[in-house]
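This report refers to the structure that appears directly beneath it.
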Amino acid sequence: NSAAADDQFNAWPFPVPAVNPAKTGHLYVAYADQGDNSGDKADIFLVASTNGDTNWTSPLRVNTVWTNDQWMPVLAVKPDGTKLFMAWYDRRADTNNGLIEVYGRWGTIETNGTVTLDDEFRISTVSFPPVFTGTLSGNTIEGHYDPVYPPQVNLHWWYPEWPDDPLVVADPVYINHVGEYNGVSTDNQYAYMTWSDGRGAGTGLFPRIQNDIRFIKLLWPE
């Protein structure tokens with residue numbers, strides 16, 4: 001169902017670290033931050049260290065299209081230490097800066113630790129909207145909102161009604177939570193990525209868009 005005009009969801013910087021298993025002291029961190037260009041709310045950046053975090057490179061902007069939002073990066077290194085993989089949420093295809101796609105980029109790690117990034121490529125096959133509870137009263141109806149929640153959450157609770165339970169964060173701001181559970185792991189053949197994706201239409205008691213978990217296996221480039 002449609003969101004209220006003033007509804008919004010939170011997107012945190014989420015710094016994501018990765019260690020090079022084949023190069024001692026080589027570390028990488030991807031994160032989202034406000035861009036340097038006017039009106040650029042969020043870009044993906046990468047920094048690296050070759051001496052165990054004593055020194056870091058200057059932030060490298062990973063997305064080459066910056067007019068719309070990019071956020072929620074994932075990052076992993078190939079076990080042989082020669083390449084890395086990054087992916088993120090990207091709104092470049094929507095002039096209204098609303099619908100989301102998933103984009104990725106490979107990087108080659110040189111012997112001296114320099115990272116050279118290949119071209120960006122789209123991973124998701126369609127654009128999808130963000131899915132979050134929001135402030136519409138209709139979303140409080142049991143079954144009307146179908147999220148991707150973390151463990152220990154009673155799906156019959158709407159976020160502002162969460163009980164005081166030490167296993168969950170009982171905080172009304174979670175009405176603005178979209179469920180940031182993207183991740184990636186690798187072996188020497190593939191990078192394996194999961195992300196939460198709001199393209200699916202629910203078929204339960206109420207028709208609604210829902211969040212699903214999607215998975216892709218990507219072959220490392222030569």
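Letters A, B, ... go to the chains of the structure tokens in the order shown; residues in each chain start at 1; ligands are counted from 1 in the same order.
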
### Message
Give me the residues near Ser49 of chain A as a PyMOL selection string, where near means some atom within 7 Å (using only C-alpha atoms) and where sequence neighbours in that chain fewer than 5 positions away do not count.
### Response
chain A and resi 26-28+55-57

#### Entry: Length of the atom CA of Asp43 of chain A to atom CA of Leu136 of chain A vector [Å]
29.5 Å

### Task
Would you mind telling me which residue in A:Thr24, A:Thr133, A:Thr116, A:Gln189 lies nearest to Leu60 of chain A when using only C-alpha atoms?
A:Thr116

### Task
For Ser185 of chain A, please output as a list in words all residues within 9 Å (counting only C-alpha atoms; exclusion window: fewer than 5 positions along the same chain).
Leu75, Ala76, Val77, Lys78, Tyr190, Ala191, Tyr192 and Met193 of chain A

Go ahead and write the residues just picked, all heavy atoms, as an mmCIF file, in the first residue's frame.
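The result, written out as out.cif:
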```cif
data_model
loop_
_atom_site.group_PDB
_atom_site.id
_atom_site.type_symbol
_atom_site.label_atom_id
_atom_site.label_comp_id
_atom_site.auth_asym_id
_atom_site.auth_seq_id
_atom_site.Cartn_x
_atom_site.Cartn_y
_atom_site.Cartn_z
ATOM 1 N N LEU A 75 30.889 -6.141 1.223
ATOM 2 C CA LEU A 75 32.285 -6.221 0.784
ATOM 3 C C LEU A 75 32.876 -7.551 1.205
ATOM 4 O O LEU A 75 32.660 -8.000 2.326
ATOM 5 C CB LEU A 75 33.084 -5.066 1.418
ATOM 6 C CG LEU A 75 34.599 -5.073 1.302
ATOM 7 C CD1 LEU A 75 35.039 -4.887 -0.153
ATOM 8 C CD2 LEU A 75 35.196 -3.968 2.184
ATOM 9 N N ALA A 76 33.629 -8.184 0.310
ATOM 10 C CA ALA A 76 34.331 -9.423 0.640
ATOM 11 C C ALA A 76 35.544 -9.564 -0.275
ATOM 12 O O ALA A 76 35.564 -9.038 -1.394
ATOM 13 C CB ALA A 76 33.417 -10.636 0.494
ATOM 14 N N VAL A 77 36.542 -10.310 0.208
ATOM 15 C CA VAL A 77 37.797 -10.522 -0.518
ATOM 16 C C VAL A 77 37.901 -11.980 -0.941
ATOM 17 O O VAL A 77 37.533 -12.886 -0.187
ATOM 18 C CB VAL A 77 39.010 -10.138 0.363
ATOM 19 C CG1 VAL A 77 40.321 -10.379 -0.374
ATOM 20 C CG2 VAL A 77 38.907 -8.682 0.802
ATOM 21 N N LYS A 78 38.388 -12.198 -2.136
ATOM 22 C CA LYS A 78 38.645 -13.551 -2.609
ATOM 23 C C LYS A 78 39.701 -14.208 -1.728
ATOM 24 O O LYS A 78 40.688 -13.562 -1.354
ATOM 25 C CB LYS A 78 39.117 -13.501 -4.072
ATOM 26 C CG LYS A 78 39.186 -14.836 -4.765
ATOM 27 C CD LYS A 78 39.585 -14.652 -6.234
ATOM 28 C CE LYS A 78 39.624 -15.992 -6.970
ATOM 29 N NZ LYS A 78 40.033 -15.826 -8.388
ATOM 30 N N TYR A 190 33.534 -18.253 -6.504
ATOM 31 C CA TYR A 190 32.350 -17.413 -6.567
ATOM 32 C C TYR A 190 32.300 -16.415 -5.409
ATOM 33 O O TYR A 190 32.890 -16.626 -4.344
ATOM 34 C CB TYR A 190 31.079 -18.266 -6.504
ATOM 35 C CG TYR A 190 30.925 -19.259 -7.626
ATOM 36 C CD1 TYR A 190 31.237 -20.602 -7.428
ATOM 37 C CD2 TYR A 190 30.461 -18.863 -8.881
ATOM 38 C CE1 TYR A 190 31.100 -21.524 -8.452
ATOM 39 C CE2 TYR A 190 30.312 -19.777 -9.903
ATOM 40 C CZ TYR A 190 30.636 -21.110 -9.695
ATOM 41 O OH TYR A 190 30.493 -22.020 -10.704
ATOM 42 N N ALA A 191 31.525 -15.350 -5.644
ATOM 43 C CA ALA A 191 31.030 -14.487 -4.577
ATOM 44 C C ALA A 191 29.539 -14.789 -4.418
ATOM 45 O O ALA A 191 28.808 -14.896 -5.412
ATOM 46 C CB ALA A 191 31.240 -13.021 -4.916
ATOM 47 N N TYR A 192 29.087 -14.952 -3.180
ATOM 48 C CA TYR A 192 27.702 -15.312 -2.876
ATOM 49 C C TYR A 192 27.059 -14.146 -2.129
ATOM 50 O O TYR A 192 27.509 -13.785 -1.044
ATOM 51 C CB TYR A 192 27.649 -16.561 -2.008
ATOM 52 C CG TYR A 192 28.411 -17.739 -2.565
ATOM 53 C CD1 TYR A 192 29.764 -17.915 -2.270
ATOM 54 C CD2 TYR A 192 27.794 -18.687 -3.371
ATOM 55 C CE1 TYR A 192 30.474 -19.002 -2.766
ATOM 56 C CE2 TYR A 192 28.493 -19.777 -3.877
ATOM 57 C CZ TYR A 192 29.837 -19.921 -3.568
ATOM 58 O OH TYR A 192 30.528 -21.007 -4.066
ATOM 59 N N MET A 193 26.014 -13.588 -2.710
ATOM 60 C CA MET A 193 25.399 -12.402 -2.119
ATOM 61 C C MET A 193 23.929 -12.642 -1.821
ATOM 62 O O MET A 193 23.217 -13.277 -2.597
ATOM 63 C CB MET A 193 25.532 -11.193 -3.054
ATOM 64 C CG MET A 193 24.954 -9.920 -2.450
ATOM 65 S SD MET A 193 24.937 -8.517 -3.577
ATOM 66 C CE MET A 193 24.061 -7.325 -2.526
#
```

### Query
What lies within 9 Å of Ala42 of chain A using only C-alpha atoms, ignoring chain neighbours under 3 positions off, as a list of chain:residue names?
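Residues near the query, excluding close chain neighbours: A:Pro13, A:Ala32, A:Asp33, A:Gln34, A:Gly35, A:Trp66, A:Asn68, A:Asp69, A:Gln70, A:Trp71.
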
Pull N, CA and C atoms from the residues just selected and write them as an mmCIF file, in the first residue's frame.
```
data_model
loop_
_atom_site.group_PDB
_atom_site.id
_atom_site.type_symbol
_atom_site.label_atom_id
_atom_site.label_comp_id
_atom_site.auth_asym_id
_atom_site.auth_seq_id
_atom_site.Cartn_x
_atom_site.Cartn_y
_atom_site.Cartn_z
ATOM 1 N N PRO A 13 25.126 4.530 7.962
ATOM 2 C CA PRO A 13 26.389 4.429 7.205
ATOM 3 C C PRO A 13 26.887 2.991 7.042
ATOM 4 N N ALA A 32 28.788 3.917 3.471
ATOM 5 C CA ALA A 32 28.005 4.955 2.817
ATOM 6 C C ALA A 32 28.189 6.263 3.557
ATOM 7 N N ASP A 33 28.272 7.345 2.795
ATOM 8 C CA ASP A 33 28.418 8.659 3.399
ATOM 9 C C ASP A 33 27.862 9.701 2.432
ATOM 10 N N GLN A 34 27.597 10.885 2.959
ATOM 11 C CA GLN A 34 27.126 11.952 2.091
ATOM 12 C C GLN A 34 28.187 12.294 1.062
ATOM 13 N N GLY A 35 27.762 12.483 -0.185
ATOM 14 C CA GLY A 35 28.705 12.779 -1.252
ATOM 15 C C GLY A 35 29.197 14.211 -1.231
ATOM 16 N N TRP A 66 26.260 9.550 -9.301
ATOM 17 C CA TRP A 66 26.081 10.041 -7.941
ATOM 18 C C TRP A 66 24.841 10.909 -7.776
ATOM 19 N N ASN A 68 21.706 10.193 -7.700
ATOM 20 C CA ASN A 68 20.716 9.582 -6.798
ATOM 21 C C ASN A 68 21.423 8.860 -5.662
ATOM 22 N N ASP A 69 20.633 8.278 -4.746
ATOM 23 C CA ASP A 69 21.200 7.680 -3.535
ATOM 24 C C ASP A 69 21.855 6.331 -3.812
ATOM 25 N N GLN A 70 22.988 6.100 -3.133
ATOM 26 C CA GLN A 70 23.628 4.786 -3.056
ATOM 27 C C GLN A 70 23.967 4.524 -1.590
ATOM 28 N N TRP A 71 23.647 3.315 -1.097
ATOM 29 C CA TRP A 71 23.875 3.023 0.320
ATOM 30 C C TRP A 71 23.878 1.520 0.539
#
```

### Residues within 6 Å of segment 126-128 of chain A, only C-alpha atoms, excluding chain neighbours under 5 positions, as a PyMOL selection string
chain A and resi 99-101+198-199
